[in-house]
Amino acid sequence: MSQTIPAPVPPSVFPEGPGLFRLDPGVAHLNHGSFGAVPIPVRDVQVGLRAELEADPDAFFLAAPDRIEAARRRIATHLGAEPDGIAFVSNATEAANIAFAALRLAEGDEILVTDHGYPTVSASAALLAPLRTVTLDPALPDEDAVCEAVLAALTPRTKVAVLDHITSPTARIVAGPRLLAALAERGVTTIVDGAHALGMLADPLAGGADFWFGNLHKWGYGPAGSAILAVAERHRGSVRALVPSWEDHHGFPRSIENRATADYTGWLAAPEGLDVLNRLGADKVRAHNTALAAYGSSLLAETAGLTPLPYSEGVAMRTLRLPPGVAETQDAARALRVEVFDRLRARVNTFGRPGGGGLRVCGQIYNRPEEYEALATGVARLLDGR
Ligand SMILES: Cc1ncc(COP(=O)(O)O)c(C=O)c1O
C-alpha cells in the first residue's frame, strides 16, 4: 500500500502574539528556547519598578525583601508550589550550583548526568564528584526508552542524578514522573534542570524531584535574570546562598534571594509574565507553539532534507539531524548558527555531534509560518552540495 505524506499545514498566526513583543521585525526569531523574549506588559512593569528605584532608592531597597516574597507567592500560586519551597534565583546555572552546594557526598560517590545535559550544569557537577555520563541516543523512540537508558547506567556509587526536564539539544523530556519515582525508590537524589519546562509544561513540578529549577526568562515570559529553584522540604536546611548576605539568618528561601544591593526588578516583574501567559490562555499558547515548531520541523525535513529526531509531546521545540560532516563539533555547529543568521536573518540553535549535529527550531506566539518556510528554503540552499 502506498502512503502519501500530507504536505505540512501552516498553523494560523496567534492573533495577539506579534504585537506583544518589541523584537526586531527584520529577523526571524526561531530560537525562543535559548534566551526567551519579554512581552511588552512585562517590560512595562519592570520599567515602572526601575523608575521607583531611581526615584527613592532607600524606599525601594528597604521594601525589597517583602516585595520579593509577595512576587514569589504569586509565582508559587501559578505553579501550585509551596511559597516557602521555592526561591528566586538569577538563572538555571546559578540554581544548579546552589543545589550542588547543598549535597553531602562521600568519597567515591558518583553523579549521573546525560550527554544531553546543559554544559554549564554538567561542568558544575563535575567540580563536586566524578560524573557517570549516560549517552542518550537522540533516536530513542520515547520517554520509556530514555527512562530505561538512565536506570541501566546506575551503579551502587550513583548517589545523585542530574537530569533535564526538557533537553536543550534534542527537545526531549527526560526527567518525567516515572524516572523520578524510580530514582527515588533507589535512593538517588534527583536534581532536575527544568530550564525549558516553566511555562512550557502545564505542571512542571509534578515529578517531585529533590531539587528542581526552571527559568522564568524562557517560556514563562519573565525578564532576563529570573528563575526559580524548588527544594523538597527535607533538603531546605542544607541550602545556602552562594554569596551569603543580609537575610542569611532567615534560611531558605529568603537567604537565597537577598543579594544586598542588586537589581531585583526582574524578579518583581516576573509574575506578570505568567499572568500574560494565563491571560492569553496557557493551553492555547502551548498548542499553538507546539504546532508551529512541528510545522517548521516538517518543512525542514521536506525542503531541506533534514531528519527530524523523535520529540516529546507538548514541547514547542524540535531538533532535526543535519547531514554528516556539517556540524560534527561544537565549533562547526556554532559557525553554522552564525551562517544561518548572516545569510537568512534567522535565529536558530545548532548542536555539534559526531556523525551529524542538530538544528533546533522553536515556536512562539510572535512567530509566523512564513518564517519557517523561508528558513527551510534557505537552509536547503545553504546545505546544497555539502
Ligand atoms: C537545559 C538548559 N539548562 C540550563 C540552561 C542555562 O540557562 P541559564 O543561562 O539561564 O543559566 C539552558 C539554557 O538554554 C538550558 O537549555
# chains A, B, ... in the order shown; residues from 1 in each chain; ligands from 1

$ residues_near_ligand --ligand "ligand 1" --cutoff "8 Å" --atoms "only C-alpha atoms and all ligand atoms" --output "list in words"
Gly33, Ser34, Phe35, Ser90, Asn91, Ala92, Thr93, Glu94, Ala95, Gly117, Tyr118, Pro119, Thr120, Val121, Asp164, His165, Ile166, Thr167, Ser168, Pro169, Asp193, Gly194, Ala195, His196, Asn215, His217, Gly225 and Ala227 of chain A

$ residues_around --residues "stretch 291-301 of chain A" --least-positions-apart "6" --cutoff "9 Å" --atoms "only C-alpha atoms" --output "PDB file with C-alpha atoms, in the first residue's frame"
ATOM      1  CA  ALA A   7       2.024  18.437   2.983  1.00  0.00           C
ATOM      2  CA  PRO A   8       2.532  20.316   6.257  1.00  0.00           C
ATOM      3  CA  VAL A   9      -0.361  22.630   7.038  1.00  0.00           C
ATOM      4  CA  PRO A  10       0.638  26.058   8.365  1.00  0.00           C
ATOM      5  CA  PRO A  11      -0.916  26.865  11.750  1.00  0.00           C
ATOM      6  CA  SER A  12      -2.663  30.218  11.939  1.00  0.00           C
ATOM      7  CA  LEU A  30      13.021  30.966  15.883  1.00  0.00           C
ATOM      8  CA  THR A 307      15.952  14.215   9.551  1.00  0.00           C
ATOM      9  CA  PRO A 308      13.507  15.011  12.369  1.00  0.00           C
ATOM     10  CA  VAL A 315       7.386  20.654  23.716  1.00  0.00           C
ATOM     11  CA  ALA A 316       7.472  23.687  21.424  1.00  0.00           C
ATOM     12  CA  MET A 317      10.952  22.920  20.126  1.00  0.00           C
ATOM     13  CA  ARG A 318      12.018  20.384  17.500  1.00  0.00           C
ATOM     14  CA  THR A 319      15.501  19.239  16.573  1.00  0.00           C
ATOM     15  CA  LEU A 320      16.489  17.803  13.206  1.00  0.00           C
ATOM     16  CA  ARG A 360      16.615  23.243  16.585  1.00  0.00           C
ATOM     17  CA  VAL A 361      13.622  25.441  15.861  1.00  0.00           C
ATOM     18  CA  CYS A 362      11.147  26.778  18.397  1.00  0.00           C
ATOM     19  CA  GLY A 363       7.584  28.031  18.119  1.00  0.00           C
ATOM     20  CA  GLN A 364       6.328  31.098  19.923  1.00  0.00           C
ATOM     21  CA  ILE A 365       3.314  33.379  19.641  1.00  0.00           C
ATOM     22  CA  ASN A 367       6.294  33.611  15.017  1.00  0.00           C
ATOM     23  CA  ARG A 368       4.608  33.287  11.641  1.00  0.00           C
ATOM     24  CA  PRO A 369       4.540  30.244   9.318  1.00  0.00           C
ATOM     25  CA  GLU A 371       9.420  32.477   8.791  1.00  0.00           C
ATOM     26  CA  TYR A 372       9.792  28.694   8.823  1.00  0.00           C
ATOM     27  CA  GLU A 373       9.080  28.500   5.098  1.00  0.00           C
ATOM     28  CA  LEU A 375      14.202  29.142   6.779  1.00  0.00           C
ATOM     29  CA  ALA A 376      13.587  25.762   5.147  1.00  0.00           C
ATOM     30  CA  THR A 377      14.215  27.119   1.648  1.00  0.00           C
ATOM     31  CA  VAL A 379      18.752  26.010   4.736  1.00  0.00           C
ATOM     32  CA  ALA A 380      18.218  23.797   1.666  1.00  0.00           C
TER      33      ALA A 380
END

$ select_by_dssp --residues "stretch 59-140 of chain A" --states "strand (DSSP E)" --output "JSON, numbers by chain"
{"A": [86, 87, 88, 89, 110, 111, 112, 113, 114, 131, 132, 133, 134]}

$ closest_residue --among "A:Ala269, A:Ile98, A:Val192, A:Leu216" --to "A:Ile173" --atoms "only C-alpha atoms"
A:Val192

$ select_by_dssp --residues "stretch 106-251 of chain A" --states "helix (DSSP H, G or I)" --output "ChimeraX atom specification"
/A:119-126,143-152,177-185,233-238,246-250

$ write_last_selection --atoms "N, CA and C atoms" --output "CSV table (one decimal), in the first residue's frame"
chain,number,residue,atom,x,y,z
A,119,PRO,N,25.7,22.2,29.2
A,119,PRO,CA,27.2,22.2,29.6
A,119,PRO,C,27.5,22.9,30.9
A,120,THR,N,26.9,24.1,31.2
A,120,THR,CA,27.2,24.8,32.4
A,120,THR,C,26.8,24.0,33.6
A,121,VAL,N,25.7,23.2,33.5
A,121,VAL,CA,25.2,22.5,34.7
A,121,VAL,C,26.1,21.2,34.9
A,122,SER,N,26.4,20.5,33.8
A,122,SER,CA,27.3,19.3,34.0
A,122,SER,C,28.7,19.7,34.4
A,123,ALA,N,29.2,20.8,33.9
A,123,ALA,CA,30.5,21.3,34.3
A,123,ALA,C,30.6,21.6,35.8
A,124,SER,N,29.5,22.2,36.4
A,124,SER,CA,29.5,22.5,37.8
A,124,SER,C,29.4,21.2,38.6
A,125,ALA,N,28.6,20.2,38.1
A,125,ALA,CA,28.5,18.9,38.8
A,125,ALA,C,29.9,18.2,38.8
A,126,ALA,N,30.6,18.4,37.8
A,126,ALA,CA,31.9,17.7,37.7
A,126,ALA,C,32.9,18.2,38.7
A,143,GLU,N,9.8,8.3,25.9
A,143,GLU,CA,10.2,8.6,27.2
A,143,GLU,C,10.6,7.3,28.0
A,144,ASP,N,9.9,6.2,27.7
A,144,ASP,CA,10.2,5.0,28.5
A,144,ASP,C,11.6,4.5,28.1
A,145,ALA,N,11.9,4.6,26.8
A,145,ALA,CA,13.3,4.1,26.4
A,145,ALA,C,14.3,5.0,27.1
A,146,VAL,N,14.1,6.3,27.2
A,146,VAL,CA,15.0,7.2,27.8
A,146,VAL,C,15.2,6.8,29.3
A,147,CYS,N,14.0,6.5,29.9
A,147,CYS,CA,14.0,6.2,31.3
A,147,CYS,C,14.8,4.9,31.5
A,148,GLU,N,14.6,3.9,30.7
A,148,GLU,CA,15.4,2.6,30.8
A,148,GLU,C,16.9,2.9,30.6
A,149,ALA,N,17.3,3.7,29.7
A,149,ALA,CA,18.7,4.0,29.4
A,149,ALA,C,19.3,4.6,30.7
A,150,VAL,N,18.6,5.5,31.3
A,150,VAL,CA,19.2,6.2,32.5
A,150,VAL,C,19.3,5.2,33.7
A,151,LEU,N,18.2,4.4,33.9
A,151,LEU,CA,18.3,3.5,35.0
A,151,LEU,C,19.3,2.4,34.8
A,152,ALA,N,19.6,2.0,33.6
A,152,ALA,CA,20.6,1.0,33.3
A,152,ALA,C,22.0,1.5,33.6
A,177,PRO,N,7.9,12.0,35.4
A,177,PRO,CA,7.5,11.4,36.7
A,177,PRO,C,7.9,10.0,36.9
A,178,ARG,N,7.9,9.1,35.9
A,178,ARG,CA,8.2,7.7,36.0
A,178,ARG,C,9.7,7.6,36.4
A,179,LEU,N,10.6,8.3,35.7
A,179,LEU,CA,12.0,8.2,36.0
A,179,LEU,C,12.3,8.7,37.4
A,180,LEU,N,11.7,9.8,37.8
A,180,LEU,CA,11.9,10.4,39.1
A,180,LEU,C,11.5,9.5,40.2
A,181,ALA,N,10.4,8.8,40.0
A,181,ALA,CA,9.9,7.9,41.0
A,181,ALA,C,10.8,6.7,41.1
A,182,ALA,N,11.3,6.2,40.0
A,182,ALA,CA,12.2,5.1,40.0
A,182,ALA,C,13.6,5.4,40.7
A,183,LEU,N,14.0,6.6,40.5
A,183,LEU,CA,15.3,7.1,41.1
A,183,LEU,C,15.1,7.2,42.6
A,184,ALA,N,13.9,7.8,43.0
A,184,ALA,CA,13.7,8.0,44.4
A,184,ALA,C,13.6,6.6,45.1
A,185,GLU,N,13.0,5.7,44.5
A,185,GLU,CA,12.9,4.3,45.0
A,185,GLU,C,14.3,3.7,45.3
A,233,GLU,N,11.3,19.7,51.0
A,233,GLU,CA,11.4,20.1,52.4
A,233,GLU,C,12.6,19.6,53.1
A,234,ARG,N,12.9,18.3,52.9
A,234,ARG,CA,14.0,17.6,53.7
A,234,ARG,C,15.3,18.2,53.3
A,235,HIS,N,15.5,18.9,52.2
A,235,HIS,CA,16.8,19.5,51.9
A,235,HIS,C,16.9,20.9,52.2
A,236,ARG,N,15.8,21.6,52.6
A,236,ARG,CA,15.9,23.0,52.7
A,236,ARG,C,16.9,23.5,53.7
A,237,GLY,N,17.1,22.8,54.8
A,237,GLY,CA,18.0,23.2,55.8
A,237,GLY,C,19.5,23.1,55.4
A,238,SER,N,19.7,22.4,54.3
A,238,SER,CA,21.1,22.3,53.8
A,238,SER,C,21.4,23.4,52.7
A,246,TRP,N,22.4,39.7,53.8
A,246,TRP,CA,21.6,40.2,54.9
A,246,TRP,C,20.6,39.2,55.5
A,247,GLU,N,19.9,38.5,54.6
A,247,GLU,CA,18.8,37.6,55.1
A,247,GLU,C,19.3,36.2,55.4
A,248,ASP,N,20.6,36.0,55.6
A,248,ASP,CA,21.1,34.7,55.7
A,248,ASP,C,20.5,33.9,56.9
A,249,HIS,N,20.2,34.7,58.0
A,249,HIS,CA,19.6,34.0,59.2
A,249,HIS,C,18.2,33.5,59.0
A,250,HIS,N,17.5,34.0,57.9
A,250,HIS,CA,16.2,33.5,57.7
A,250,HIS,C,16.1,32.1,57.1

$ closest_residue --among "A:Arg345, A:Pro156, A:Phe88, A:Phe213" --to "A:Arg186" --atoms "only C-alpha atoms"
A:Pro156
